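my_file.pdb follows; it contains PDB, C-alpha atoms and all ligand atoms.
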```pdb
MODEL        1
ATOM      1  CA  MET J 294       0.000   0.000   0.000
ATOM      2  CA  PHE J 295       1.095   3.577  -0.650
ATOM      3  CA  ALA J 296       0.383   6.325   1.875
ATOM      4  CA  ILE J 297       0.630  10.082   1.521
ATOM      5  CA  ALA J 298       0.426  11.976   4.807
ATOM      6  CA  ILE J 299      -0.675  15.615   4.693
ATOM      7  CA  ASP J 300      -0.470  17.628   7.891
ATOM      8  CA  GLY J 301      -0.920  21.305   8.529
ATOM      9  CA  PRO J 302      -3.008  23.944  10.295
ATOM     10  CA  ALA J 303      -6.730  24.592   9.897
ATOM     11  CA  GLY J 304      -7.806  26.232   6.667
ATOM     12  CA  ALA J 305      -4.581  25.760   4.711
ATOM     13  CA  GLY J 306      -6.488  23.965   1.955
ATOM     14  CA  LYS J 307      -5.361  20.475   2.930
ATOM     15  CA  SER J 308      -8.687  18.800   2.284
ATOM     16  CA  SER J 309      -9.514  20.324  -1.104
ATOM     17  CA  VAL J 310      -5.951  19.902  -2.373
ATOM     18  CA  ALA J 311      -5.671  16.348  -1.038
ATOM     19  CA  LYS J 312      -9.076  15.448  -2.459
ATOM     20  CA  ALA J 313      -8.087  16.601  -5.944
ATOM     21  CA  ALA J 314      -4.725  14.825  -5.740
ATOM     22  CA  ALA J 315      -6.457  11.625  -4.572
ATOM     23  CA  ARG J 316      -8.731  11.775  -7.607
ATOM     24  CA  ALA J 317      -5.749  12.261  -9.925
ATOM     25  CA  LEU J 318      -3.878   9.345  -8.347
ATOM     26  CA  GLY J 319      -6.841   7.010  -7.831
ATOM     27  CA  PHE J 320      -6.238   6.963  -4.075
ATOM     28  CA  ILE J 321      -8.783   7.086  -1.246
ATOM     29  CA  TYR J 322      -8.863  10.447   0.497
ATOM     30  CA  VAL J 323      -9.184  10.241   4.282
ATOM     31  CA  ASP J 324     -10.074  13.426   6.171
ATOM     32  CA  THR J 325      -9.158  12.631   9.782
ATOM     33  CA  GLY J 326     -10.352  16.019  11.080
ATOM     34  CA  ALA J 327     -13.876  14.763  10.328
ATOM     35  CA  LEU J 328     -13.357  12.002  12.909
ATOM     36  CA  TYR J 329     -12.465  14.484  15.677
ATOM     37  CA  ARG J 330     -15.378  16.658  14.576
ATOM     38  CA  THR J 331     -17.741  13.698  14.860
ATOM     39  CA  VAL J 332     -16.606  12.924  18.404
ATOM     40  CA  ALA J 333     -17.028  16.652  19.181
ATOM     41  CA  LEU J 334     -20.556  16.693  17.744
ATOM     42  CA  HIS J 335     -21.507  13.791  19.970
ATOM     43  CA  MET J 336     -20.212  15.668  23.038
ATOM     44  CA  LEU J 337     -22.095  18.851  22.106
ATOM     45  CA  ARG J 338     -25.285  16.884  21.538
ATOM     46  CA  SER J 339     -24.894  15.064  24.843
ATOM     47  CA  GLY J 340     -24.183  18.244  26.804
ATOM     48  CA  VAL J 341     -20.627  17.129  27.624
ATOM     49  CA  GLU J 342     -18.080  19.965  27.937
ATOM     50  CA  PRO J 343     -15.534  19.236  25.140
ATOM     51  CA  ALA J 344     -12.565  20.366  27.264
ATOM     52  CA  ASP J 345     -13.520  18.162  30.227
ATOM     53  CA  ALA J 346     -11.196  15.209  29.638
ATOM     54  CA  GLU J 347     -12.779  12.943  32.226
ATOM     55  CA  ALA J 348     -16.331  13.541  31.049
ATOM     56  CA  VAL J 349     -15.356  13.173  27.372
ATOM     57  CA  GLU J 350     -13.498   9.955  28.061
ATOM     58  CA  ALA J 351     -16.514   8.522  29.907
ATOM     59  CA  ALA J 352     -18.851   9.552  27.080
ATOM     60  CA  LEU J 353     -16.682   7.821  24.436
ATOM     61  CA  ALA J 354     -18.335   4.554  25.438
ATOM     62  CA  GLY J 355     -21.486   5.737  23.659
ATOM     63  CA  VAL J 356     -19.715   6.787  20.449
ATOM     64  CA  ALA J 357     -19.352   4.754  17.266
ATOM     65  CA  VAL J 358     -17.564   6.514  14.411
ATOM     66  CA  ASP J 359     -17.293   5.034  10.956
ATOM     67  CA  LEU J 360     -16.113   6.126   7.529
ATOM     68  CA  ARG J 361     -17.697   5.386   4.163
ATOM     69  CA  HIS J 362     -16.332   6.296   0.791
ATOM     70  CA  ALA J 363     -18.880   7.254  -1.875
ATOM     71  CA  PRO J 364     -18.358   8.732  -5.361
ATOM     72  CA  ASP J 365     -18.924  12.206  -3.864
ATOM     73  CA  GLY J 366     -16.208  11.620  -1.260
ATOM     74  CA  GLN J 367     -15.913  10.645   2.361
ATOM     75  CA  HIS J 368     -18.949  10.317   4.590
ATOM     76  CA  VAL J 369     -18.674  10.074   8.318
ATOM     77  CA  LEU J 370     -21.164   8.231  10.478
ATOM     78  CA  LEU J 371     -21.958   8.821  14.143
ATOM     79  CA  CYS J 372     -23.690   5.748  15.548
ATOM     80  CA  GLY J 373     -24.911   4.980  12.028
ATOM     81  CA  GLU J 374     -26.163   8.522  11.292
ATOM     82  CA  ASP J 375     -24.536  10.395   8.397
ATOM     83  CA  VAL J 376     -23.246  13.634   9.994
ATOM     84  CA  THR J 377     -20.960  14.686   7.104
ATOM     85  CA  ASP J 378     -22.570  18.123   6.756
ATOM     86  CA  GLU J 379     -23.444  18.739  10.367
ATOM     87  CA  ILE J 380     -19.824  18.624  11.557
ATOM     88  CA  ARG J 381     -18.843  21.704   9.491
ATOM     89  CA  THR J 382     -20.052  24.466  11.823
ATOM     90  CA  PRO J 383     -17.708  26.860  13.703
ATOM     91  CA  ALA J 384     -19.029  25.492  17.033
ATOM     92  CA  VAL J 385     -18.045  21.957  16.059
ATOM     93  CA  SER J 386     -14.624  23.244  14.862
ATOM     94  CA  MET J 387     -13.850  24.698  18.266
ATOM     95  CA  ALA J 388     -15.151  21.633  20.107
ATOM     96  CA  ALA J 389     -13.112  19.352  17.804
ATOM     97  CA  SER J 390      -9.959  21.252  18.669
ATOM     98  CA  ALA J 391     -10.734  20.761  22.378
ATOM     99  CA  VAL J 392     -11.549  17.034  22.229
ATOM    100  CA  SER J 393      -8.550  16.368  19.980
ATOM    101  CA  ALA J 394      -6.225  17.401  22.827
ATOM    102  CA  ILE J 395      -7.523  14.514  24.957
ATOM    103  CA  PRO J 396      -5.276  11.420  24.695
ATOM    104  CA  ALA J 397      -8.217   8.994  25.107
ATOM    105  CA  VAL J 398      -9.908  10.529  22.063
ATOM    106  CA  ARG J 399      -6.749  10.197  19.947
ATOM    107  CA  LYS J 400      -6.368   6.588  21.043
ATOM    108  CA  PHE J 401     -10.037   5.910  20.294
ATOM    109  CA  LEU J 402      -9.638   7.113  16.663
ATOM    110  CA  PHE J 403      -6.179   5.668  16.005
ATOM    111  CA  SER J 404      -6.996   2.209  14.631
ATOM    112  CA  LEU J 405      -9.765   3.536  12.385
ATOM    113  CA  GLN J 406      -7.092   5.644  10.659
ATOM    114  CA  THR J 407      -4.340   3.021  10.463
ATOM    115  CA  GLY J 408      -6.924   0.463   9.289
ATOM    116  CA  MET J 409      -7.741   2.618   6.260
ATOM    117  CA  ALA J 410      -4.054   2.804   5.297
ATOM    118  CA  GLU J 411      -3.703  -0.970   5.648
ATOM    119  CA  ARG J 412      -6.501  -1.581   3.165
ATOM    120  CA  TYR J 413      -6.153   1.216   0.623
ATOM    121  CA  ASP J 414      -3.670   3.514  -1.054
ATOM    122  CA  VAL J 415      -4.502   6.700   0.830
ATOM    123  CA  ILE J 416      -3.959  10.397   1.001
ATOM    124  CA  MET J 417      -4.710  11.106   4.637
ATOM    125  CA  ASP J 418      -4.883  14.601   6.046
ATOM    126  CA  GLY J 419      -4.776  15.792   9.645
ATOM    127  CA  ARG J 420      -2.336  17.139  12.220
ATOM    128  CA  ASP J 421      -0.293  14.112  13.280
ATOM    129  CA  ILE J 422      -0.499  11.795  10.280
ATOM    130  CA  GLY J 423       3.182  11.937   9.300
ATOM    131  CA  THR J 424       4.377  12.047  12.902
ATOM    132  CA  VAL J 425       2.110   9.573  14.739
ATOM    133  CA  VAL J 426      -0.550   7.800  12.662
ATOM    134  CA  LEU J 427       1.437   6.849   9.553
ATOM    135  CA  PRO J 428       5.121   7.375  10.453
ATOM    136  CA  ASN J 429       6.077   5.078   7.572
ATOM    137  CA  ALA J 430       4.119   6.955   4.911
ATOM    138  CA  GLN J 431       6.051   7.057   1.643
ATOM    139  CA  VAL J 432       5.309  10.769   1.202
ATOM    140  CA  LYS J 433       4.837  13.357   3.942
ATOM    141  CA  VAL J 434       3.805  16.917   3.254
ATOM    142  CA  PHE J 435       3.326  19.803   5.678
ATOM    143  CA  LEU J 436       0.812  22.005   3.911
ATOM    144  CA  THR J 437       0.384  25.489   5.286
ATOM    145  CA  ALA J 438      -0.487  29.137   4.519
ATOM    146  CA  SER J 439      -0.438  32.361   6.509
ATOM    147  CA  ALA J 440      -3.224  32.776   9.123
ATOM    148  CA  GLU J 441      -4.618  35.817   7.255
ATOM    149  CA  GLU J 442      -4.800  33.958   3.958
ATOM    150  CA  ARG J 443      -6.453  30.993   5.670
ATOM    151  CA  ALA J 444      -9.041  33.277   7.288
ATOM    152  CA  ARG J 445      -9.792  34.913   3.913
ATOM    153  CA  ARG J 446     -10.285  31.494   2.303
ATOM    154  CA  ARG J 447     -12.531  30.271   5.119
ATOM    155  CA  CYS J 448     -14.693  33.421   4.825
ATOM    156  CA  ARG J 449     -15.017  32.927   1.061
ATOM    157  CA  GLU J 450     -15.943  29.284   1.532
ATOM    158  CA  MET J 451     -18.629  30.041   4.152
ATOM    159  CA  GLU J 452     -20.025  32.836   1.984
ATOM    160  CA  GLN J 453     -20.344  30.453  -0.951
ATOM    161  CA  LYS J 454     -22.274  28.108   1.309
ATOM    162  CA  GLY J 455     -24.670  30.942   2.105
ATOM    163  CA  THR J 456     -23.528  31.291   5.729
ATOM    164  CA  PRO J 457     -21.151  34.288   5.749
ATOM    165  CA  VAL J 458     -18.900  34.749   8.768
ATOM    166  CA  ASP J 459     -16.935  37.728  10.105
ATOM    167  CA  TYR J 460     -13.280  37.960   8.954
ATOM    168  CA  GLU J 461     -11.813  39.226  12.249
ATOM    169  CA  GLN J 462     -13.706  36.600  14.237
ATOM    170  CA  THR J 463     -12.569  33.875  11.810
ATOM    171  CA  LEU J 464      -8.943  35.029  12.060
ATOM    172  CA  ARG J 465      -9.158  34.984  15.868
ATOM    173  CA  GLU J 466     -10.589  31.455  15.810
ATOM    174  CA  ILE J 467      -7.914  30.250  13.396
ATOM    175  CA  ARG J 468      -5.168  31.669  15.614
ATOM    176  CA  GLN J 469      -6.746  30.169  18.698
ATOM    177  CA  ARG J 470      -7.013  26.761  17.048
ATOM    178  CA  ASP J 471      -3.385  26.967  15.806
ATOM    179  CA  GLU J 472      -2.316  27.786  19.339
ATOM    180  CA  GLN J 473      -4.297  24.874  20.788
ATOM    181  CA  ASP J 474      -3.270  22.395  18.099
ATOM    182  CA  MET J 475       0.449  23.285  18.240
ATOM    183  CA  ASN J 476       0.820  23.476  21.995
ATOM    184  CA  ARG J 477      -1.094  20.462  23.239
ATOM    185  CA  GLU J 478       0.906  17.728  24.907
ATOM    186  CA  THR J 479      -0.394  14.795  22.891
ATOM    187  CA  ALA J 480       0.458  14.670  19.189
ATOM    188  CA  PRO J 481       0.895  18.423  18.682
ATOM    189  CA  LEU J 482       0.740  19.844  15.181
ATOM    190  CA  LYS J 483       4.295  19.957  13.852
ATOM    191  CA  PRO J 484       6.013  18.996  10.606
ATOM    192  CA  ALA J 485       7.440  15.465  10.522
ATOM    193  CA  GLU J 486      11.222  15.582  10.192
ATOM    194  CA  ASP J 487      11.061  13.937   6.782
ATOM    195  CA  SER J 488       8.169  16.047   5.471
ATOM    196  CA  VAL J 489       8.224  18.435   2.541
ATOM    197  CA  LEU J 490       6.924  21.952   3.252
ATOM    198  CA  LEU J 491       4.218  23.164   0.879
ATOM    199  CA  ASP J 492       3.223  26.797   1.567
ATOM    200  CA  THR J 493       0.114  27.662  -0.434
ATOM    201  CA  SER J 494      -0.150  31.366   0.568
ATOM    202  CA  ASP J 495       0.844  32.465  -2.927
ATOM    203  CA  LEU J 496      -0.495  29.499  -4.870
ATOM    204  CA  ASP J 497      -3.957  29.134  -6.299
ATOM    205  CA  PHE J 498      -5.820  25.859  -5.933
ATOM    206  CA  GLU J 499      -4.566  24.319  -9.189
ATOM    207  CA  GLY J 500      -0.998  25.410  -8.417
ATOM    208  CA  ALA J 501      -1.156  23.746  -4.999
ATOM    209  CA  VAL J 502      -2.520  20.486  -6.449
ATOM    210  CA  GLN J 503       0.167  20.417  -9.144
ATOM    211  CA  ARG J 504       2.909  21.047  -6.580
ATOM    212  CA  LEU J 505       1.579  18.239  -4.385
ATOM    213  CA  LEU J 506       1.498  15.819  -7.330
ATOM    214  CA  GLU J 507       5.064  16.851  -8.201
ATOM    215  CA  ILE J 508       6.214  16.093  -4.649
ATOM    216  CA  VAL J 509       4.517  12.681  -4.842
ATOM    217  CA  ARG J 510       6.195  11.921  -8.183
ATOM    218  CA  GLU J 511       9.602  12.968  -6.861
ATOM    219  CA  ARG J 512       9.215  10.598  -3.895
ATOM    220  CA  SER J 513       7.750   7.529  -5.552
TER     221      SER J 513
HETATM  222  O1  LIG J 601      -8.891  19.538   9.953
HETATM  223  P1  LIG J 601     -10.102  19.962  10.780
HETATM  224  O2  LIG J 601     -10.232  21.448  10.928
HETATM  225  O3  LIG J 601     -11.362  19.340  10.297
HETATM  226  O4  LIG J 601      -9.806  19.371  12.243
HETATM  227  C1  LIG J 601     -10.647  19.608  13.339
HETATM  228  C2  LIG J 601      -9.833  19.581  14.631
HETATM  229  O5  LIG J 601      -9.363  18.247  14.861
HETATM  230  C3  LIG J 601      -8.596  20.473  14.634
HETATM  231  O6  LIG J 601      -8.716  21.527  15.548
HETATM  232  C4  LIG J 601      -7.448  19.599  15.059
HETATM  233  C5  LIG J 601      -8.019  18.239  15.242
HETATM  234  N1  LIG J 601      -7.301  17.209  14.490
HETATM  235  C6  LIG J 601      -6.279  16.552  15.117
HETATM  236  O7  LIG J 601      -5.961  16.873  16.261
HETATM  237  N2  LIG J 601      -5.630  15.539  14.490
HETATM  238  C7  LIG J 601      -5.962  15.192  13.244
HETATM  239  N3  LIG J 601      -5.303  14.200  12.663
HETATM  240  C8  LIG J 601      -6.989  15.875  12.571
HETATM  241  C9  LIG J 601      -7.646  16.900  13.224
ENDMDL
END
```
As a first step, turn the structure in this file into structure tokens.
Amino acid sequence: MFAIAIDGPAGAGKSSVAKAAARALGFIYVDTGALYRTVALHMLRSGVEPADAEAVEAALAGVAVDLRHAPDGQHVLLCGEDVTDEIRTPAVSMAASAVSAIPAVRKFLFSLQTGMAERYDVIMDGRDIGTVVLPNAQVKVFLTASAEERARRRCREMEQKGTPVDYEQTLREIRQRDEQDMNRETAPLKPAEDSVLLDTSDLDFEGAVQRLLEIVRERS
């Protein structure tokens, strides 16, 4: 099996770039952030404070997360319910960042991720894929962009979905999530030593996809 690990901060374009590259390569695209978001959604629905490690750990017993791959991409299931769209709200983003700092949550989602890479050629994106989940991935990329550029992109994306959000608020949330994701004790966001840096601040979408495919070609 061939594995491409893509890590990087929120809003850098990892998922759209990885999705397009997966299509070009005939690989399965695995969005691991969706798994943390699904656990977070369960906590919000159950009234469990996402930063309360003990309460979250206890509530994990009632959580079943599963992935399905359809022609339109990855679907994520929470106890059998398709929550693919529902996990994309700013509230779930913040809660996902909080639950993802809890070691029991990371452990809970670990084998689901490694299991995908055992069965399929994958492009997997997240925060700790090259460092923790798939340390033997053939290609590792750290895909990033400036916080301001990421906030602009997120605002554009939400506007296109018909749910515009405030730029300053989005930038604050992105910075806060970066801070949380980079400074947590368990599996913090950081480039794997053997990763290639791909900064997309000055690249458009097509340019970023082409650069990623180039990196893959160089390494395979
Ligand atoms: O990529 P995303 O925005 O959907 O991720 C949601 C949150 O989950 C993010 O704040 C960090 C966390 N996450 C993680 O800790 N490890 C991963 N492999 C993927 C996401």
(message) Neighbours of ligand LIG 601 (chain J) at 8 Å or closer, counting all atoms listed in the file: which residues, as an MDAnalysis selection string?
(response) chainID J and resid 300 302:304 307:308 324:330 381 386:394 399 418:422 426 470:471 473:474 480:482
Axis-aligned box for all listed atoms of stretch 347-354 of chain J, 6 Å per side, centre and edges in Å to one decimal, as lines of an AutoDock Vina configuration file:
```
center_x = -15.8
center_y = 9.0
center_z = 28.3
size_x = 18.1
size_y = 21.0
size_z = 19.8
```
(request) Counting all atoms listed in the file, figure out which residue out of J:Thr377, J:Ala311, J:Glu461, J:Lys433 gets nearest to J:Arg445. (result)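 Nearest to J:Arg445: J:Glu461.
Proximity of J:Thr331, J:Gln453, J:Asn476, J:Gln406 to J:Ala296, computed with only C-alpha atoms, is greatest for J:Gln406.
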(request) Record the distance separating atom CA of J:Ser404 and atom CA of J:Ser309, expressed in Å with one decimal. (result) 24.1 Å
(request) Using only C-alpha atoms, find the one residue out of J:Thr424, J:Thr382, J:Thr479, J:Ser513 that sits nearest to J:Pro457. (result) J:Thr382
(request) Can you work out the spacing between atom CA of J:Ala346 and atom CA of J:Met409 in Å, to one decimal? (result) 26.8 Å
(request) Rounded to one decimal place, report the atom CA of J:Leu318-atom CA of J:Val415 distance in Å. (result)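 Going from atom CA of J:Leu318 over to atom CA of J:Val415 covers 9.6 Å.
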(request) Counting only C-alpha atoms, figure out which residue out of J:Leu436, J:Met294, J:Asp497, J:Glu350 gets nearest to J:Lys400. (result)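 Under the stated criterion, the closest residue is J:Glu350.
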(request) Kindly indicate which residue among J:Gly306, J:Ile321, J:His335, J:Thr407 lies nearest to J:Ser494, using all atoms listed in the file for the distances. (result)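 Counting all atoms listed in the file, the residue closest to J:Ser494 is J:Gly306.
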(request) Can you work out which one of J:Glu347, J:Asp492, J:Glu411, J:Glu486 has the shortest atom-to-atom distance to J:Leu505, counting only C-alpha atoms? (result)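 Distance minimum relative to J:Leu505 lands on J:Asp492.
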